[in-house]
Each structure stands twice: as C-alpha cells, then as structure tokens.
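Colleague: For reference, the file entry-v3.tsv (TSV, C-alpha atoms and all ligand atoms) is included below:
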```
chain	number	residue	atom	x	y	z
T	3	MET	CA	-43.40	-15.70	118.78
T	4	ASP	CA	-40.32	-17.48	117.44
T	5	LYS	CA	-37.86	-14.62	116.95
T	6	SER	CA	-35.32	-16.99	115.37
T	7	VAL	CA	-37.27	-16.54	112.11
T	8	LEU	CA	-35.73	-13.07	111.98
T	9	TYR	CA	-32.27	-14.70	111.78
T	10	ASP	CA	-33.30	-16.02	108.38
T	11	LEU	CA	-33.37	-12.51	106.90
T	12	SER	CA	-30.34	-11.87	104.66
T	13	TYR	CA	-27.98	-8.90	104.98
T	14	GLY	CA	-24.55	-7.70	103.89
T	15	LEU	CA	-21.93	-5.97	105.98
T	16	TYR	CA	-20.81	-2.40	105.42
T	17	VAL	CA	-18.80	0.50	106.80
T	18	ILE	CA	-20.85	3.67	106.85
T	19	GLY	CA	-18.44	6.61	106.56
T	20	THR	CA	-18.98	10.26	107.23
T	21	GLU	CA	-17.03	13.26	108.53
T	22	ALA	CA	-17.19	15.82	111.33
T	23	ASN	CA	-14.84	18.76	111.88
T	24	GLY	CA	-12.56	17.45	109.13
T	25	ILE	CA	-12.16	14.06	110.84
T	26	PRO	CA	-13.45	10.93	109.08
T	27	THR	CA	-15.57	8.61	111.21
T	28	GLY	CA	-18.07	5.81	110.74
T	29	CYS	CA	-19.35	2.45	111.89
T	30	ILE	CA	-20.29	-1.07	110.83
T	31	VAL	CA	-23.87	-1.77	109.76
T	32	ASN	CA	-25.69	-4.68	108.24
T	33	THR	CA	-28.85	-2.70	107.49
T	34	VAL	CA	-28.23	-1.16	104.07
T	35	PHE	CA	-30.73	-1.95	101.35
T	36	GLN	CA	-31.71	-0.56	97.98
T	37	LEU	CA	-35.16	1.06	97.96
T	38	THR	CA	-35.55	2.13	94.30
T	39	SER	CA	-33.47	2.11	91.13
T	40	GLU	CA	-34.94	5.30	89.65
T	41	PRO	CA	-33.88	7.42	91.39
T	42	LEU	CA	-31.13	5.24	92.84
T	43	THR	CA	-32.10	5.26	96.51
T	44	ILE	CA	-30.93	3.27	99.52
T	45	ALA	CA	-31.76	3.19	103.24
T	46	VAL	CA	-29.72	2.47	106.35
T	47	SER	CA	-30.83	2.04	109.98
T	48	LEU	CA	-28.56	3.65	112.58
T	49	ASN	CA	-28.92	3.72	116.34
T	50	HIS	CA	-29.64	7.09	117.98
T	51	ASN	CA	-26.65	6.56	120.31
T	52	ASN	CA	-24.09	6.03	117.52
T	53	TYR	CA	-21.71	8.93	116.95
T	54	THR	CA	-22.05	8.21	113.22
T	55	THR	CA	-25.79	8.96	113.44
T	56	GLU	CA	-25.14	12.35	115.00
T	57	CYS	CA	-22.53	13.19	112.35
T	58	ILE	CA	-24.77	12.18	109.42
T	59	GLN	CA	-27.67	14.18	110.86
T	60	ASN	CA	-25.41	17.23	110.68
T	61	LYS	CA	-23.63	16.53	107.39
T	62	ARG	CA	-26.53	14.87	105.59
T	63	GLU	CA	-24.05	12.84	103.53
T	64	PHE	CA	-22.40	9.47	104.03
T	65	THR	CA	-20.63	6.66	102.21
T	66	VAL	CA	-21.19	2.92	102.14
T	67	SER	CA	-18.13	0.68	101.74
T	68	VAL	CA	-19.11	-2.90	100.96
T	69	LEU	CA	-17.05	-5.35	103.04
T	70	THR	CA	-15.80	-8.62	101.60
T	71	GLU	CA	-15.06	-12.06	102.96
T	72	LYS	CA	-11.39	-10.98	103.09
T	73	THR	CA	-12.11	-8.04	105.41
T	74	GLU	CA	-10.05	-8.45	108.58
T	75	ALA	CA	-11.90	-9.06	111.84
T	76	SER	CA	-9.91	-6.21	113.40
T	77	LEU	CA	-11.53	-3.75	110.98
T	78	ILE	CA	-14.98	-4.94	112.02
T	79	GLY	CA	-13.89	-4.78	115.67
T	80	GLY	CA	-12.63	-1.23	115.32
T	81	PHE	CA	-15.64	0.12	113.45
T	82	GLY	CA	-18.28	-2.05	115.07
T	83	PHE	CA	-17.39	-2.16	118.76
T	84	GLN	CA	-15.80	1.22	119.43
T	85	SER	CA	-17.21	4.72	119.12
T	86	GLY	CA	-15.78	7.55	117.06
T	87	ARG	CA	-16.44	9.72	120.11
T	88	ASP	CA	-13.33	8.26	121.75
T	89	SER	CA	-11.37	6.54	118.97
T	90	TYR	CA	-10.01	7.48	115.55
T	91	LYS	CA	-11.38	4.65	113.48
T	92	TYR	CA	-9.43	5.18	110.26
T	93	GLU	CA	-6.00	5.06	111.93
T	94	ASN	CA	-4.88	1.68	110.57
T	95	VAL	CA	-7.18	1.50	107.57
T	96	GLU	CA	-6.48	2.20	103.89
T	97	TYR	CA	-8.96	4.86	102.80
T	98	LYS	CA	-9.33	8.03	100.78
T	99	GLN	CA	-11.50	11.08	101.21
T	100	ILE	CA	-13.68	11.84	98.22
T	101	ILE	CA	-15.84	14.90	97.62
T	102	ASN	CA	-16.82	16.81	100.77
T	103	GLN	CA	-14.16	14.90	102.75
T	104	LEU	CA	-16.28	11.74	102.87
T	105	PRO	CA	-14.11	8.67	103.66
T	106	VAL	CA	-14.26	5.42	101.67
T	107	LEU	CA	-12.23	2.24	102.11
T	108	THR	CA	-9.67	1.63	99.35
T	109	GLU	CA	-8.83	-1.90	100.52
T	110	GLN	CA	-10.83	-4.69	102.17
T	111	ALA	CA	-13.96	-3.61	100.27
T	112	ALA	CA	-15.72	-4.69	97.09
T	113	GLY	CA	-16.63	-1.08	96.34
T	114	TRP	CA	-18.18	2.05	97.73
T	115	MET	CA	-21.01	4.48	97.09
T	116	SER	CA	-21.55	8.04	98.30
T	117	CYS	CA	-25.02	9.17	99.31
T	118	SER	CA	-26.98	12.32	100.06
T	119	VAL	CA	-29.73	12.13	102.69
T	120	ASP	CA	-33.29	12.81	101.49
T	121	GLN	CA	-35.31	11.75	104.55
T	122	ILE	CA	-34.58	11.03	108.19
T	123	ILE	CA	-37.22	8.80	109.73
T	124	ASP	CA	-37.29	8.22	113.48
T	125	VAL	CA	-38.06	4.55	114.13
T	126	GLY	CA	-37.66	4.54	117.92
T	127	THR	CA	-34.25	3.22	118.96
T	128	HIS	CA	-32.93	3.83	115.44
T	129	VAL	CA	-33.02	6.42	112.68
T	130	LEU	CA	-33.71	5.39	109.10
T	131	PHE	CA	-31.69	7.45	106.64
T	132	VAL	CA	-33.17	7.42	103.14
T	133	ALA	CA	-30.59	8.68	100.67
T	134	HIS	CA	-29.91	8.87	96.94
T	135	VAL	CA	-26.65	7.58	95.51
T	136	LEU	CA	-24.31	10.26	94.16
T	137	ASP	CA	-21.38	8.16	92.99
T	138	ALA	CA	-20.02	4.61	93.19
T	139	GLU	CA	-16.77	2.79	92.43
T	140	ARG	CA	-15.77	-0.87	92.34
T	141	ILE	CA	-12.56	-1.72	94.16
T	142	SER	CA	-12.30	-5.51	93.97
T	143	LYS	CA	-14.12	-8.59	92.77
T	144	ASP	CA	-13.80	-10.25	96.16
T	145	GLU	CA	-16.93	-11.93	97.44
T	146	PRO	CA	-19.06	-9.46	99.46
T	147	MET	CA	-19.41	-10.45	103.10
T	148	THR	CA	-22.89	-11.46	104.17
T	149	TYR	CA	-24.10	-11.13	107.73
T	150	ASP	CA	-24.61	-14.88	107.70
T	151	TYR	CA	-20.92	-15.42	106.76
T	152	TYR	CA	-19.87	-13.04	109.55
T	153	ARG	CA	-21.92	-14.92	112.13
T	154	ASN	CA	-21.34	-18.48	111.01
T	155	VAL	CA	-17.84	-18.49	109.46
T	156	ILE	CA	-16.08	-15.67	111.31
T	157	LYS	CA	-18.19	-16.43	114.41
T	158	GLY	CA	-18.81	-12.73	114.92
T	159	LYS	CA	-21.62	-11.11	116.84
T	160	ALA	CA	-23.38	-7.76	116.74
T	161	PRO	CA	-23.44	-5.36	119.69
T	162	ALA	CA	-26.61	-4.03	121.31
T	163	ASN	CA	-26.70	-1.01	118.98
T	164	ALA	CA	-27.23	-3.21	115.94
T	165	PRO	CA	-30.90	-3.62	114.98
T	166	THR	CA	-30.31	-7.36	114.58
T	167	TYR	CA	-28.93	-7.75	118.11
T	168	HIS	CA	-30.78	-10.27	120.25
T	169	PRO	CA	-29.77	-10.87	123.87
T	170	GLU	CA	-30.33	-14.58	123.46
T	171	ASP	CA	-27.79	-14.69	120.58
T	172	ASP	CA	-25.07	-16.22	122.73
T	173	GLU	CA	-27.28	-18.94	124.15
T	174	ASP	CA	-28.55	-19.84	120.71
T	175	THR	CA	-25.13	-20.02	119.04
T	176	GLY	CA	-23.07	-21.20	121.99
T	177	ILE	CA	-20.44	-18.57	121.16
T	178	ASP	CA	-18.46	-17.47	124.22
T	179	SER	CA	-16.83	-14.09	124.46
T	180	TYR	CA	-14.20	-12.91	126.91
T	181	GLU	CA	-13.39	-9.31	127.82
T	182	CYS	CA	-9.97	-7.98	128.77
T	183	ASP	CA	-10.26	-6.26	132.17
T	184	ILE	CA	-7.53	-3.79	131.15
T	185	CYS	CA	-8.47	-2.49	127.70
T	186	LYS	CA	-11.98	-4.00	127.31
T	187	TYR	CA	-11.00	-5.81	124.12
T	188	VAL	CA	-13.49	-8.60	123.51
T	189	TYR	CA	-12.30	-11.96	122.20
T	190	GLU	CA	-15.13	-13.79	120.45
T	191	GLY	CA	-14.62	-17.43	121.36
T	192	ASP	CA	-13.09	-19.44	124.19
T	193	VAL	CA	-9.93	-17.56	125.09
T	194	TYR	CA	-8.82	-20.41	127.38
T	195	SER	CA	-8.59	-22.82	124.46
T	196	LEU	CA	-5.84	-20.64	122.90
T	197	PRO	CA	-2.09	-21.34	123.44
T	198	ASP	CA	-0.78	-20.42	126.90
T	199	ASN	CA	1.43	-17.65	125.53
T	200	TRP	CA	-1.48	-15.89	123.78
T	201	VAL	CA	-1.84	-12.23	124.82
T	202	CYS	CA	-4.42	-9.52	124.25
T	203	PRO	CA	-3.78	-8.07	120.77
T	204	ILE	CA	-4.60	-4.58	122.04
T	205	CYS	CA	-2.76	-4.16	125.37
T	206	GLY	CA	-0.64	-7.33	125.65
T	207	ALA	CA	-2.25	-8.61	128.87
T	208	ASP	CA	-2.09	-12.37	129.43
T	209	LYS	CA	-5.13	-14.63	129.43
T	210	SER	CA	-5.71	-14.33	133.18
T	211	HIS	CA	-7.05	-10.83	132.50
T	212	PHE	CA	-9.88	-12.19	130.37
T	213	LYS	CA	-13.24	-12.69	132.08
T	214	ARG	CA	-16.22	-14.32	130.49
T	215	LYS	CA	-18.65	-11.67	129.35
T	216	GLN	CA	-22.04	-11.84	131.02
T	217	ASN	CA	-24.72	-11.97	128.38
T	218	ASN	CA	-28.28	-10.65	128.64
T	219	SER	CA	-26.95	-7.66	130.56
Z	301	LIG	C1	-21.94	-7.05	112.58
Z	301	LIG	C2	-22.39	-5.70	113.09
Z	301	LIG	C3	-23.53	-5.12	112.55
Z	301	LIG	C4	-23.97	-3.87	113.00
Z	301	LIG	N1	-25.08	-3.30	112.43
Z	301	LIG	C5	-25.50	-2.09	112.88
Z	301	LIG	C6	-26.61	-1.45	112.25
Z	301	LIG	O1	-27.17	-1.92	111.26
Z	301	LIG	N2	-27.03	-0.26	112.77
Z	301	LIG	C7	-26.42	0.32	113.86
Z	301	LIG	O2	-26.86	1.38	114.30
Z	301	LIG	N3	-25.33	-0.25	114.43
Z	301	LIG	C8	-24.86	-1.43	113.96
Z	301	LIG	N4	-23.76	-2.02	114.53
Z	301	LIG	C9	-23.15	-1.39	115.72
Z	301	LIG	C10	-22.24	-0.19	115.43
Z	301	LIG	O3	-21.31	-0.47	114.42
Z	301	LIG	C11	-21.50	0.13	116.75
Z	301	LIG	O4	-22.43	0.47	117.76
Z	301	LIG	C12	-20.43	1.20	116.61
Z	301	LIG	O5	-19.57	1.09	117.74
Z	301	LIG	C13	-20.96	2.61	116.55
Z	301	LIG	O6	-19.87	3.49	116.42
Z	301	LIG	P1	-20.02	5.08	116.47
Z	301	LIG	O7	-20.47	5.45	117.84
Z	301	LIG	O8	-18.64	5.60	116.16
Z	301	LIG	O9	-21.02	5.46	115.44
Z	301	LIG	C14	-23.26	-3.21	114.04
Z	301	LIG	C15	-22.07	-3.78	114.53
Z	301	LIG	C16	-21.64	-5.02	114.06
Z	301	LIG	C17	-20.37	-5.61	114.61
```
If you took the structure in this file and wrote it as structure tokens, what would it be?
Ligand SMILES: Cc1cc2nc3c(=O)[nH]c(=O)nc-3n(C[C@H](O)[C@H](O)[C@H](O)COP(=O)(O)O)c2cc1C
Modeller:
Amino acid sequence: MDKSVLYDLSYGLYVIGTEANGIPTGCIVNTVFQLTSEPLTIAVSLNHNNYTTECIQNKREFTVSVLTEKTEASLIGGFGFQSGRDSYKYENVEYKQIINQLPVLTEQAAGWMSCSVDQIIDVGTHVLFVAHVLDAERISKDEPMTYDYYRNVIKGKAPANAPTYHPEDDEDTGIDSYECDICKYVYEGDVYSLPDNWVCPICGADKSHFKRKQNNS
C-alpha cells in the first residue's frame, strides 16, 4: 500500500477551543469538516490522549477558530505541541470568551464557529465529535491556512497525536527537527544553519543545546 496517497487529501488548520474549571484550553487540529448543511453539522477527530478531548467530553461544547496564512508559527507550536494539562495556552493570544466561557481567537483567524456535541464516536486512537453549529463570526478576509500550506510553505509537521501523523514523514520530506535539551522546544529545520548567535526562543539556550530529534520513535 502506498500511504503517500493519503498526503493528497486536503485539510485546513484550526484551533479547537473549549473550557474546564473556568480556564480556556484547546489544541490544533486539521480534521474539521462539514457533514451536512441542514442542520449545519461538522465533525472533528481528536486523540483520546489530548486534554482537549477530555474537556469536550465533559463540556460537550467547543469552538473552531479557522487559522490563516498569517497565523504565527508560535501559535501553532503552543496549541499543537504542548498540552493544556501543563500549560496555559491562551497566555499570549488575543481571544475572547463567548457564551458558556468558550474561547475564540480574535486575531490570527479568518473566523470562528461555536458548536454543541451531538454524538461522540470512538474510532480507536481518536474520538469523532459530531456537533451542530450554534454561532459563527468572520474576523478577517485573510487566506485560510491549508494543511498543505503548513507543511510545504511553513515547513511544519504534525505530532503523533494528529490523525495525519506518519512516522516516515521526516524521511519523505527531508525536514530536520532539533530539540532543546533544556526546555524541549523543537525547532523545525536545521538549527545549525542559523546564525551563530541564534538562541532558543523559549529558554535562551545556545545552539549547542539542540540535538537532532530521532524520528520513528
Ligand atoms: C498541524 C497539526 C495538526 C494536528 N491535528 C490534530 C488532529 O486533527 N487531531 C488531534 O487529536 N490532534 C491533532 N494535532 C495534535 C494536537 O494539537 C496536540 O497533540 C496538542 O498538543 C494537544 O493538546 P492538549 O493536550 O492540550 O489537547 C495536530 C497538531 C498539529 C501541529
């Protein structure tokens, strides 16, 4: 089987937002799609291990903020490579809380929708949330970010929790990634081709602290 055919499927990129104990939280997904227009229903696939999954199972409501090509990589890094279990994801992000304290991005997004869960379908490693759309607002006319743009222009990858993750991704694309041995920040690309005075944007460590990430592990 040639699994690379699956790379030809098209997706967007989104922040799923929800709330637990009054604290907004959420994560990056590429797996939102519209199921029906009447009633207006969407689905999203979330990994069982994601904190966001646990929170939505309890709250049964979430939001979808549609990222754009202008969305900063640091936002995707914060929401897509860290867990709300041990980080406050909305700290440096412009957002507002709408009805029922649900968070939506107010910048770096084309728009948002709020959703109420109708069905929760266990699909093995992931949970499929089927939900109807309660409300939606456009924020900007910026071009929505596609998963293809994220991979090929921003040179971003998806972690193992993403349904579209494939261990052989790195071999196929030739994208290196280096991990800081102090704060675990991952630089996507060849850190040793950067200027000598480059430091980790999270903890300030110099390049000698960056080790090539082992793939397929
Ligand atoms: C480009 C990209 C796409 C992703 N797509 C999904 C997805 O569709 N479903 C999913 O469960 N996780 C996806 N992830 C991974 C989650 O965002 C990631 O595991 C996050 O750290 C979970 O945070 P949480 O524990 O706070 O929920 C994606 C990450 C990236 C960077």
Colleague: Using all atoms listed in the file, which of T:Gln36, T:Thr166, T:Asn60, T:Ser118 sits nearest T:Asp150?
Modeller: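 Smallest separation from T:Asp150 among the options: T:Thr166.
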Colleague: Residues near T:Lys159, anyone? I mean within 8 Å using all atoms listed in the file, not counting same-chain ones fewer than 6 positions away, as a compact mmCIF listing (two decimals) with C-alpha atoms, in the frame of the given file.
Modeller:
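Output below, filename out_10.txt:
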```txt
# COMPACT_ATOMS: atom_id res chain seq x y z
CA TYR T 152 -19.87 -13.04 109.55
CA ARG T 153 -21.92 -14.92 112.13
CA GLU T 190 -15.13 -13.79 120.45
```
Colleague: Counting only C-alpha atoms and all ligand atoms, name the residues that have an atom within 9 Å of an atom of ligand LIG 301 (chain Z); the answer should be given as a ChimeraX atom specification.
Modeller: /T:15-18,27-34,46-57,78-91,127-129,149,152-153,158-167
Colleague: Dump C-alpha atoms for the selected residues as a compact mmCIF listing (two decimals), in the frame of the given file?
Modeller:
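Dumped everything to selection_9.txt:
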```txt
# COMPACT_ATOMS: atom_id res chain seq x y z
CA LEU T 15 -21.93 -5.97 105.98
CA TYR T 16 -20.81 -2.40 105.42
CA VAL T 17 -18.80 0.50 106.80
CA ILE T 18 -20.85 3.67 106.85
CA THR T 27 -15.57 8.61 111.21
CA GLY T 28 -18.07 5.81 110.74
CA CYS T 29 -19.35 2.45 111.89
CA ILE T 30 -20.29 -1.07 110.83
CA VAL T 31 -23.87 -1.77 109.76
CA ASN T 32 -25.69 -4.68 108.24
CA THR T 33 -28.85 -2.70 107.49
CA VAL T 34 -28.23 -1.16 104.07
CA VAL T 46 -29.72 2.47 106.35
CA SER T 47 -30.83 2.04 109.98
CA LEU T 48 -28.56 3.65 112.58
CA ASN T 49 -28.92 3.72 116.34
CA HIS T 50 -29.64 7.09 117.98
CA ASN T 51 -26.65 6.56 120.31
CA ASN T 52 -24.09 6.03 117.52
CA TYR T 53 -21.71 8.93 116.95
CA THR T 54 -22.05 8.21 113.22
CA THR T 55 -25.79 8.96 113.44
CA GLU T 56 -25.14 12.35 115.00
CA CYS T 57 -22.53 13.19 112.35
CA ILE T 78 -14.98 -4.94 112.02
CA GLY T 79 -13.89 -4.78 115.67
CA GLY T 80 -12.63 -1.23 115.32
CA PHE T 81 -15.64 0.12 113.45
CA GLY T 82 -18.28 -2.05 115.07
CA PHE T 83 -17.39 -2.16 118.76
CA GLN T 84 -15.80 1.22 119.43
CA SER T 85 -17.21 4.72 119.12
CA GLY T 86 -15.78 7.55 117.06
CA ARG T 87 -16.44 9.72 120.11
CA ASP T 88 -13.33 8.26 121.75
CA SER T 89 -11.37 6.54 118.97
CA TYR T 90 -10.01 7.48 115.55
CA LYS T 91 -11.38 4.65 113.48
CA THR T 127 -34.25 3.22 118.96
CA HIS T 128 -32.93 3.83 115.44
CA VAL T 129 -33.02 6.42 112.68
CA TYR T 149 -24.10 -11.13 107.73
CA TYR T 152 -19.87 -13.04 109.55
CA ARG T 153 -21.92 -14.92 112.13
CA GLY T 158 -18.81 -12.73 114.92
CA LYS T 159 -21.62 -11.11 116.84
CA ALA T 160 -23.38 -7.76 116.74
CA PRO T 161 -23.44 -5.36 119.69
CA ALA T 162 -26.61 -4.03 121.31
CA ASN T 163 -26.70 -1.01 118.98
CA ALA T 164 -27.23 -3.21 115.94
CA PRO T 165 -30.90 -3.62 114.98
CA THR T 166 -30.31 -7.36 114.58
CA TYR T 167 -28.93 -7.75 118.11
```
Colleague: Between atom CA of T:Leu77 and atom CA of T:Asn199, what is the spacing in Å?
Modeller: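 Pair atom CA of T:Asn199 / atom CA of T:Leu77 returns 23.9 Å.
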Colleague: Ranking T:Asp120, T:Glu93, T:Asp4, T:Glu109 by minimum distance to T:Gln59 and counting all atoms listed in the file, which one comes first?
Modeller: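 Among T:Asp120, T:Glu93, T:Asp4, T:Glu109, it is T:Asp120 that comes nearest to T:Gln59.
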Colleague: What gap, in Å, lies between atom CA of T:Val155 and atom CA of T:Glu71?
Modeller: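 Interatomic distance, atom CA of T:Val155 to atom CA of T:Glu71: 9.6 Å.
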Colleague: Applying 8 Å and only C-alpha atoms, which residues near T:Tyr97 remain after dropping the ones on its own chain fewer than 2 positions away? List them as JSON, numbers by chain.
Modeller: {"T": [92, 95, 99, 105, 106, 107, 108, 109]}
